[in-house]
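**Q** What follows is coords_15.cif; its format and atoms are mmCIF, C-alpha atoms.
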data_input
#
loop_
_atom_site.label_atom_id
_atom_site.label_comp_id
_atom_site.auth_asym_id
_atom_site.auth_seq_id
_atom_site.Cartn_x
_atom_site.Cartn_y
_atom_site.Cartn_z
CA MET A 1 -103.47 24.84 -13.72
CA ASN A 2 -106.34 27.15 -14.62
CA GLN A 3 -106.71 28.12 -18.26
CA LEU A 4 -106.97 31.71 -19.46
CA SER A 5 -109.32 32.12 -22.40
CA CYS A 6 -107.77 34.61 -24.81
CA VAL A 7 -108.35 36.34 -28.13
CA ILE A 8 -105.95 37.99 -30.56
CA VAL A 9 -106.92 41.27 -32.23
CA ASP A 10 -104.62 42.55 -34.99
CA ASP A 11 -105.28 43.76 -38.53
CA GLU A 12 -102.07 42.11 -39.78
CA PRO A 13 -102.45 38.38 -40.64
CA ARG A 14 -98.76 37.64 -40.06
CA ALA A 15 -98.90 39.14 -36.58
CA ILE A 16 -101.94 36.98 -35.77
CA GLU A 17 -100.19 33.82 -36.97
CA LEU A 18 -97.12 34.57 -34.83
CA LEU A 19 -99.22 35.14 -31.71
CA LYS A 20 -101.26 32.01 -32.42
CA ASP A 21 -98.04 30.01 -32.47
CA TYR A 22 -96.89 31.59 -29.21
CA VAL A 23 -100.23 30.99 -27.47
CA ALA A 24 -100.15 27.31 -28.51
CA GLN A 25 -96.83 26.90 -26.69
CA VAL A 26 -98.06 28.27 -23.34
CA PRO A 27 -99.96 25.58 -21.41
CA PHE A 28 -102.21 27.92 -19.43
CA LEU A 29 -103.42 29.89 -22.47
CA SER A 30 -106.45 28.73 -24.44
CA LEU A 31 -107.06 30.56 -27.74
CA ASN A 32 -110.74 31.33 -28.25
CA SER A 33 -110.65 33.38 -31.46
CA THR A 34 -108.62 35.75 -33.62
CA PHE A 35 -109.91 38.96 -35.19
CA ARG A 36 -108.77 41.49 -37.76
CA ASP A 37 -111.88 43.62 -37.13
CA PRO A 38 -111.87 45.23 -33.63
CA VAL A 39 -115.68 45.66 -33.68
CA GLU A 40 -116.20 41.93 -34.12
CA ALA A 41 -113.64 41.32 -31.39
CA LEU A 42 -115.47 43.53 -28.93
CA LEU A 43 -118.71 41.65 -29.52
CA LYS A 44 -116.99 38.38 -28.68
CA ILE A 45 -115.31 39.82 -25.58
CA LYS A 46 -118.53 41.36 -24.25
CA THR A 47 -120.71 38.31 -24.83
CA GLU A 48 -118.36 35.49 -23.82
CA ASP A 49 -116.02 34.78 -20.91
CA ILE A 50 -112.73 36.10 -22.29
CA ASP A 51 -109.95 36.53 -19.74
CA LEU A 52 -107.16 38.03 -21.84
CA VAL A 53 -106.82 40.04 -25.06
CA PHE A 54 -103.61 40.36 -27.07
CA LEU A 55 -104.38 43.68 -28.72
CA ASP A 56 -102.82 45.71 -31.51
CA ILE A 57 -103.14 49.50 -31.22
CA ASN A 58 -103.03 50.95 -34.72
CA MET A 59 -106.12 49.49 -36.45
CA PRO A 60 -108.70 50.95 -38.87
CA ASN A 61 -112.07 52.24 -37.62
CA LEU A 62 -111.19 51.65 -33.98
CA THR A 63 -107.86 51.75 -32.17
CA GLY A 64 -106.70 49.28 -29.56
CA VAL A 65 -106.73 52.08 -27.00
CA GLN A 66 -110.40 52.79 -27.71
CA LEU A 67 -111.23 49.10 -27.44
CA LYS A 68 -109.40 48.81 -24.12
CA GLN A 69 -111.28 51.84 -22.77
CA SER A 70 -114.53 50.02 -23.57
CA LEU A 71 -113.67 46.99 -21.44
CA THR A 72 -114.06 46.45 -17.73
CA ASP A 73 -111.09 45.62 -15.54
CA SER A 74 -112.17 41.98 -15.46
CA THR A 75 -110.79 41.59 -19.01
CA MET A 76 -107.01 41.78 -19.08
CA VAL A 77 -105.16 43.31 -22.04
CA VAL A 78 -101.63 42.92 -23.36
CA PHE A 79 -100.87 45.50 -26.03
CA CYS A 80 -98.86 44.22 -29.02
CA THR A 81 -97.72 47.07 -31.25
CA ALA A 82 -94.91 48.49 -33.35
CA TYR A 83 -95.36 51.93 -31.79
CA ALA A 84 -93.30 52.61 -28.67
CA ASP A 85 -94.99 55.99 -28.13
CA PHE A 86 -98.07 54.31 -26.65
CA ALA A 87 -96.23 52.64 -23.78
CA VAL A 88 -97.10 55.25 -21.16
CA LYS A 89 -100.72 55.33 -22.28
CA SER A 90 -100.98 51.55 -21.97
CA TYR A 91 -99.97 51.65 -18.32
CA GLU A 92 -102.39 54.49 -17.66
CA LEU A 93 -105.08 52.12 -18.95
CA ASN A 94 -103.92 49.38 -16.54
CA ALA A 95 -102.80 47.05 -19.29
CA VAL A 96 -101.06 43.90 -18.08
CA ASP A 97 -98.10 44.49 -20.38
CA TYR A 98 -96.88 46.24 -23.50
CA LEU A 99 -95.09 44.17 -26.16
CA LEU A 100 -93.15 45.98 -28.86
CA LYS A 101 -93.06 44.32 -32.28
CA PRO A 102 -91.25 42.28 -33.44
CA ILE A 103 -92.19 40.22 -30.37
CA ASN A 104 -89.89 37.40 -29.31
CA PHE A 105 -91.22 34.34 -27.53
CA ASP A 106 -89.41 34.91 -24.24
CA ARG A 107 -90.93 38.36 -23.87
CA PHE A 108 -94.35 36.99 -24.78
CA VAL A 109 -94.10 34.34 -22.07
CA LYS A 110 -93.26 36.96 -19.45
CA ALA A 111 -96.38 38.92 -20.38
CA ALA A 112 -98.51 35.76 -20.28
CA ILE A 113 -97.21 34.88 -16.82
CA LYS A 114 -98.00 38.39 -15.58
CA ALA A 115 -101.57 37.93 -16.83
CA TYR A 116 -101.85 34.53 -15.19
CA ASP A 117 -100.56 35.86 -11.85
CA GLN A 118 -102.99 38.77 -12.04
CA SER A 119 -105.92 36.45 -12.70
CA GLN A 120 -105.01 34.34 -9.66
CA LYS A 121 -104.98 37.40 -7.43
CA LYS A 122 -108.45 38.35 -8.63
CA GLY A 123 -109.84 34.85 -8.14
CA ASN A 124 -112.80 33.29 -9.98
CA GLY A 125 -110.96 33.63 -13.28
CA GLY A 126 -110.69 37.38 -12.86
CA VAL A 127 -114.44 38.05 -13.02
CA PHE A 128 -115.87 40.61 -10.61
CA ILE A 129 -119.60 40.66 -9.89
CA THR A 130 -119.81 44.46 -9.73
CA GLU A 131 -120.56 47.41 -11.94
CA ASN A 132 -117.75 49.61 -13.28
CA ASP A 133 -118.08 51.95 -10.29
CA GLY A 134 -117.68 49.07 -7.83
CA SER A 135 -121.33 48.96 -6.82
CA PRO A 136 -123.23 45.65 -6.67
CA LYS A 137 -124.62 44.54 -9.99
CA THR A 138 -128.40 44.88 -10.16
CA LYS A 139 -130.59 42.13 -11.57
CA GLU A 140 -131.88 42.83 -15.05
CA ARG A 141 -135.62 42.83 -15.72
CA ASP A 142 -137.14 40.08 -17.83
CA THR A 143 -140.06 42.04 -19.32
CA PHE A 144 -141.44 45.53 -19.84
CA PHE A 145 -144.69 47.06 -21.11
CA VAL A 146 -145.27 48.99 -24.34
CA LYS A 147 -148.37 50.81 -25.55
CA THR A 148 -149.87 49.04 -28.56
CA GLY A 149 -153.08 50.70 -29.74
CA PHE A 150 -155.29 51.22 -26.68
CA THR A 151 -153.64 48.56 -24.55
CA LEU A 152 -150.37 47.84 -22.75
CA THR A 153 -148.57 44.76 -23.99
CA GLN A 154 -145.94 42.94 -21.97
CA VAL A 155 -142.83 42.11 -24.00
CA ALA A 156 -140.11 39.65 -22.99
CA ILE A 157 -136.87 41.59 -23.28
CA GLY A 158 -134.87 38.50 -24.22
CA ASN A 159 -137.29 37.84 -27.08
CA ILE A 160 -136.54 41.17 -28.76
CA SER A 161 -134.24 40.96 -31.78
CA VAL A 162 -134.26 44.51 -33.17
CA ILE A 163 -136.25 47.71 -32.70
CA GLU A 164 -136.91 50.01 -35.66
CA GLY A 165 -137.91 53.63 -35.15
CA MET A 166 -140.57 55.34 -37.28
CA GLY A 167 -141.18 58.82 -35.87
CA ASN A 168 -143.45 58.49 -32.82
CA TYR A 169 -143.75 54.72 -33.28
CA VAL A 170 -141.39 51.78 -33.07
CA THR A 171 -141.64 48.28 -34.47
CA ILE A 172 -140.31 45.66 -32.06
CA PHE A 173 -139.23 42.57 -33.98
CA LEU A 174 -139.30 39.39 -31.89
CA VAL A 175 -137.14 36.29 -32.17
CA ASP A 176 -140.21 34.07 -32.70
CA ASP A 177 -141.03 36.04 -35.90
CA GLY A 178 -143.72 38.14 -34.23
CA LYS A 179 -143.66 41.91 -33.92
CA GLU A 180 -145.30 44.70 -31.95
CA VAL A 181 -145.92 48.25 -33.14
CA ALA A 182 -145.74 50.53 -30.11
CA LEU A 183 -146.37 54.21 -29.45
CA SER A 184 -142.87 55.26 -28.43
CA SER A 185 -139.81 57.01 -29.80
CA LEU A 186 -136.58 55.14 -30.40
CA LYS A 187 -134.90 57.47 -27.90
CA ASP A 188 -137.38 56.41 -25.21
CA MET A 189 -136.80 52.75 -26.04
CA GLU A 190 -133.06 53.29 -25.79
CA SER A 191 -133.54 54.81 -22.34
CA GLU A 192 -135.90 52.00 -21.29
CA LEU A 193 -133.36 49.34 -22.22
CA SER A 194 -130.23 51.24 -21.19
CA ARG A 195 -129.22 48.66 -18.58
CA GLN A 196 -130.02 45.69 -20.78
CA ASN A 197 -127.95 44.10 -23.52
CA PHE A 198 -129.07 46.53 -26.26
CA ILE A 199 -127.17 49.01 -28.41
CA ARG A 200 -128.19 51.85 -30.72
CA VAL A 201 -126.37 51.26 -34.02
CA HIS A 202 -128.24 53.66 -36.29
CA LYS A 203 -130.63 56.60 -36.02
CA SER A 204 -133.41 54.12 -36.84
CA TYR A 205 -132.28 50.90 -35.13
CA ILE A 206 -131.52 49.35 -31.75
CA VAL A 207 -130.32 45.73 -31.66
CA ASN A 208 -130.15 43.06 -28.97
CA LEU A 209 -126.52 41.96 -28.64
CA LYS A 210 -127.58 38.51 -27.49
CA HIS A 211 -129.00 37.81 -30.94
CA VAL A 212 -126.21 39.35 -33.02
CA LEU A 213 -124.59 36.86 -35.35
CA ARG A 214 -122.05 39.01 -37.21
CA VAL A 215 -120.80 42.58 -37.05
CA SER A 216 -118.83 44.49 -39.69
CA SER A 217 -117.93 48.14 -39.95
CA SER A 218 -121.09 48.78 -42.01
CA HIS A 219 -123.83 46.46 -40.73
CA VAL A 220 -125.07 43.99 -38.13
CA GLU A 221 -126.54 40.55 -38.88
CA LEU A 222 -128.97 38.96 -36.40
CA ARG A 223 -129.97 35.34 -35.91
CA ASN A 224 -133.30 34.48 -37.56
CA PHE A 225 -133.59 37.98 -39.04
CA GLN A 226 -133.08 38.27 -42.79
CA LYS A 227 -132.48 41.99 -43.05
CA LYS A 228 -128.99 43.37 -42.40
CA ILE A 229 -129.09 46.28 -39.94
CA PRO A 230 -126.93 49.23 -41.03
CA ILE A 231 -124.46 50.90 -38.68
CA GLY A 232 -124.82 54.66 -39.06
CA SER A 233 -121.68 56.65 -39.79
CA SER A 234 -122.28 58.88 -36.77
CA TYR A 235 -122.49 55.79 -34.52
CA ARG A 236 -119.49 53.90 -35.89
CA SER A 237 -116.87 55.75 -33.85
CA THR A 238 -118.84 55.43 -30.61
CA VAL A 239 -120.28 51.92 -30.99
CA LEU A 240 -117.64 50.39 -28.72
CA GLN A 241 -118.40 52.80 -25.93
CA LEU A 242 -122.11 52.13 -26.31
CA ILE A 243 -121.51 48.39 -26.11
CA SER A 244 -119.45 48.81 -22.96
CA GLU A 245 -122.40 50.51 -21.27
CA LYS A 246 -124.77 47.57 -21.89
#
Can the structure in the file be given as structure tokens, please?
**A**
Amino acid sequence: MNQLSCVIVDDEPRAIELLKDYVAQVPFLSLNSTFRDPVEALLKIKTEDIDLVFLDINMPNLTGVQLKQSLTDSTMVVFCTAYADFAVKSYELNAVDYLLKPINFDRFVKAAIKAYDQSQKKGNGGVFITENDGSPKTKERDTFFVKTGFTLTQVAIGNISVIEGMGNYVTIFLVDDGKEVALSSLKDMESELSRQNFIRVHKSYIVNLKHVLRVSSSHVELRNFQKKIPIGSSYRSTVLQLISEK
């Protein structure tokens, strides 16, 4: 029997503990992580192979509906909420199921089986090798050129940790502790890397999701980078949508 990798996202600890107990009793479910912060959850879902999300709706900073709208159809969602008013909306979003709290085990199992059956119909664990519009996925570039002084310097995209904007210049911080100061605006860099794994989190910063270690509602921490990168207030409400586009 194939395993479905799943995460639980709920801001209530007791709800998480109940769902953890339920998941442990279903042989085809494998719990990857639990989250009280939906932003942290999205990072995990977008960077790892997560098949199924048990998702609360009413959460601070970001609702479960907003999180679901940021995911592709390859990630299945079961809403778990105390609010019956969202039932119609959940089906409009193609959720696998809608569980109304308090959730009993029998009802949970039915939802899990629906998710398992749906994954088998998709094949390959439910992962589609297409873009959101159904078109073939294009291969990402490995490098690009930036203007540094009077020369063009080739930069390995995967080696970029964070990009800081300073007017008409940007500083590109590299994973190997190097950096390049380039003649470019942060907006142009954002456009250049729009199809890569980068996200604008602040008016002055773009970060590489592949090197993100932790995310909170106020800042991002990167591997091998001492400074915490702030998340701008004007970006906080849209950060999930931005991540979904990368």
**Q** Take atom CA of A:Phe86 and atom CA of A:Ile103 and report the distance between them in Å, one decimal.
**A**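 Going from atom CA of A:Phe86 over to atom CA of A:Ile103 covers 15.7 Å.
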**Q** Go through A:Ser184, A:Ser119, A:Gln25, A:Ser217 and flag the residue nearest A:Phe145, using all atoms listed in the file for the distances.
**A** A:Ser184
**Q** Could you check which of A:Gln120, A:Glu40, A:Asp106, A:Leu222 is closest to A:Ser74, using all atoms listed in the file?
**A**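 Once distances to A:Ser74 are computed over all atoms listed in the file, the minimum belongs to A:Gln120.
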**Q** Check the smallest atom-to-atom distance from each of A:Asn224, A:Thr72, A:Thr47, A:Ser161 to A:Lys179 using all atoms listed in the file, then report the winner.
**A**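 Using all atoms listed in the file, A:Lys179 sits closest to A:Ser161.
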**Q** Would you pick out the contacts of A:Asp56 at 7 Å or less, using only C-alpha atoms, so that residues sharing its chain but fewer than 5 positions from it are not included, and give the list as a count of residues only?
**A** 6
**Q** Out of A:Thr171, A:Thr143, A:Gln226, A:Gln66, which residue has the shortest atom-to-atom distance to A:Glu192 when counting all atoms listed in the file?
**A**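 Distance minimum relative to A:Glu192 lands on A:Thr143.
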**Q** Which residues would end up in the selection if the PyMOL selection byres ((chain A and resi 112) around 12) were applied here, given that I need the answer as an MDAnalysis selection string?
**A** chainID A and resid 3:6 19 22:30 51:54 76:79 96:99 105:111 113:119
**Q** What residues come out when you apply the PyMOL selection byres ((chain A and resi 204-214) around 9) to this file, written as a VMD selection string?
**A** chain A and resid 40 43 47 157 to 158 160 to 166 175 186 189 to 190 196 to 203 215 to 216 219 to 224 229 to 232 243 246
**Q** Running the PyMOL selection byres ((chain A and resi 67) around 9) on this model by hand, what would come out? Give it as a list in words.
**A**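 Given this file, the PyMOL selection byres ((chain A and resi 67) around 9) evaluates to Pro38, Val39, Leu42, Leu55, Ile57, Leu62, Thr63, Gly64, Val65, Gln66, Lys68, Gln69, Ser70, Leu71, Leu240 and Gln241 of chain A.
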**Q** Output C-alpha atoms of each residue in that selection to a file, as a PDB file, in the frame of the given file.
**A**
ATOM      1  CA  PRO A  38    -111.870  45.230 -33.630  1.00  0.00           C
ATOM      2  CA  VAL A  39    -115.680  45.660 -33.680  1.00  0.00           C
ATOM      3  CA  LEU A  42    -115.470  43.530 -28.930  1.00  0.00           C
ATOM      4  CA  LEU A  55    -104.380  43.680 -28.720  1.00  0.00           C
ATOM      5  CA  ILE A  57    -103.140  49.500 -31.220  1.00  0.00           C
ATOM      6  CA  LEU A  62    -111.190  51.650 -33.980  1.00  0.00           C
ATOM      7  CA  THR A  63    -107.860  51.750 -32.170  1.00  0.00           C
ATOM      8  CA  GLY A  64    -106.700  49.280 -29.560  1.00  0.00           C
ATOM      9  CA  VAL A  65    -106.730  52.080 -27.000  1.00  0.00           C
ATOM     10  CA  GLN A  66    -110.400  52.790 -27.710  1.00  0.00           C
ATOM     11  CA  LYS A  68    -109.400  48.810 -24.120  1.00  0.00           C
ATOM     12  CA  GLN A  69    -111.280  51.840 -22.770  1.00  0.00           C
ATOM     13  CA  SER A  70    -114.530  50.020 -23.570  1.00  0.00           C
ATOM     14  CA  LEU A  71    -113.670  46.990 -21.440  1.00  0.00           C
ATOM     15  CA  LEU A 240    -117.640  50.390 -28.720  1.00  0.00           C
ATOM     16  CA  GLN A 241    -118.400  52.800 -25.930  1.00  0.00           C
TER      17      GLN A 241
END
**Q** Using all atoms listed in the file, which residue out of A:Val7, A:Ile16, A:Glu92, A:Phe173 lies closest to A:Ile50?
**A** A:Val7
**Q** What does the distance between atom CA of A:Thr153 and atom CA of A:Lys227 come to in Å, to one decimal place?
**A**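 About the pair atom CA of A:Thr153 and atom CA of A:Lys227: they are 25.1 Å apart.
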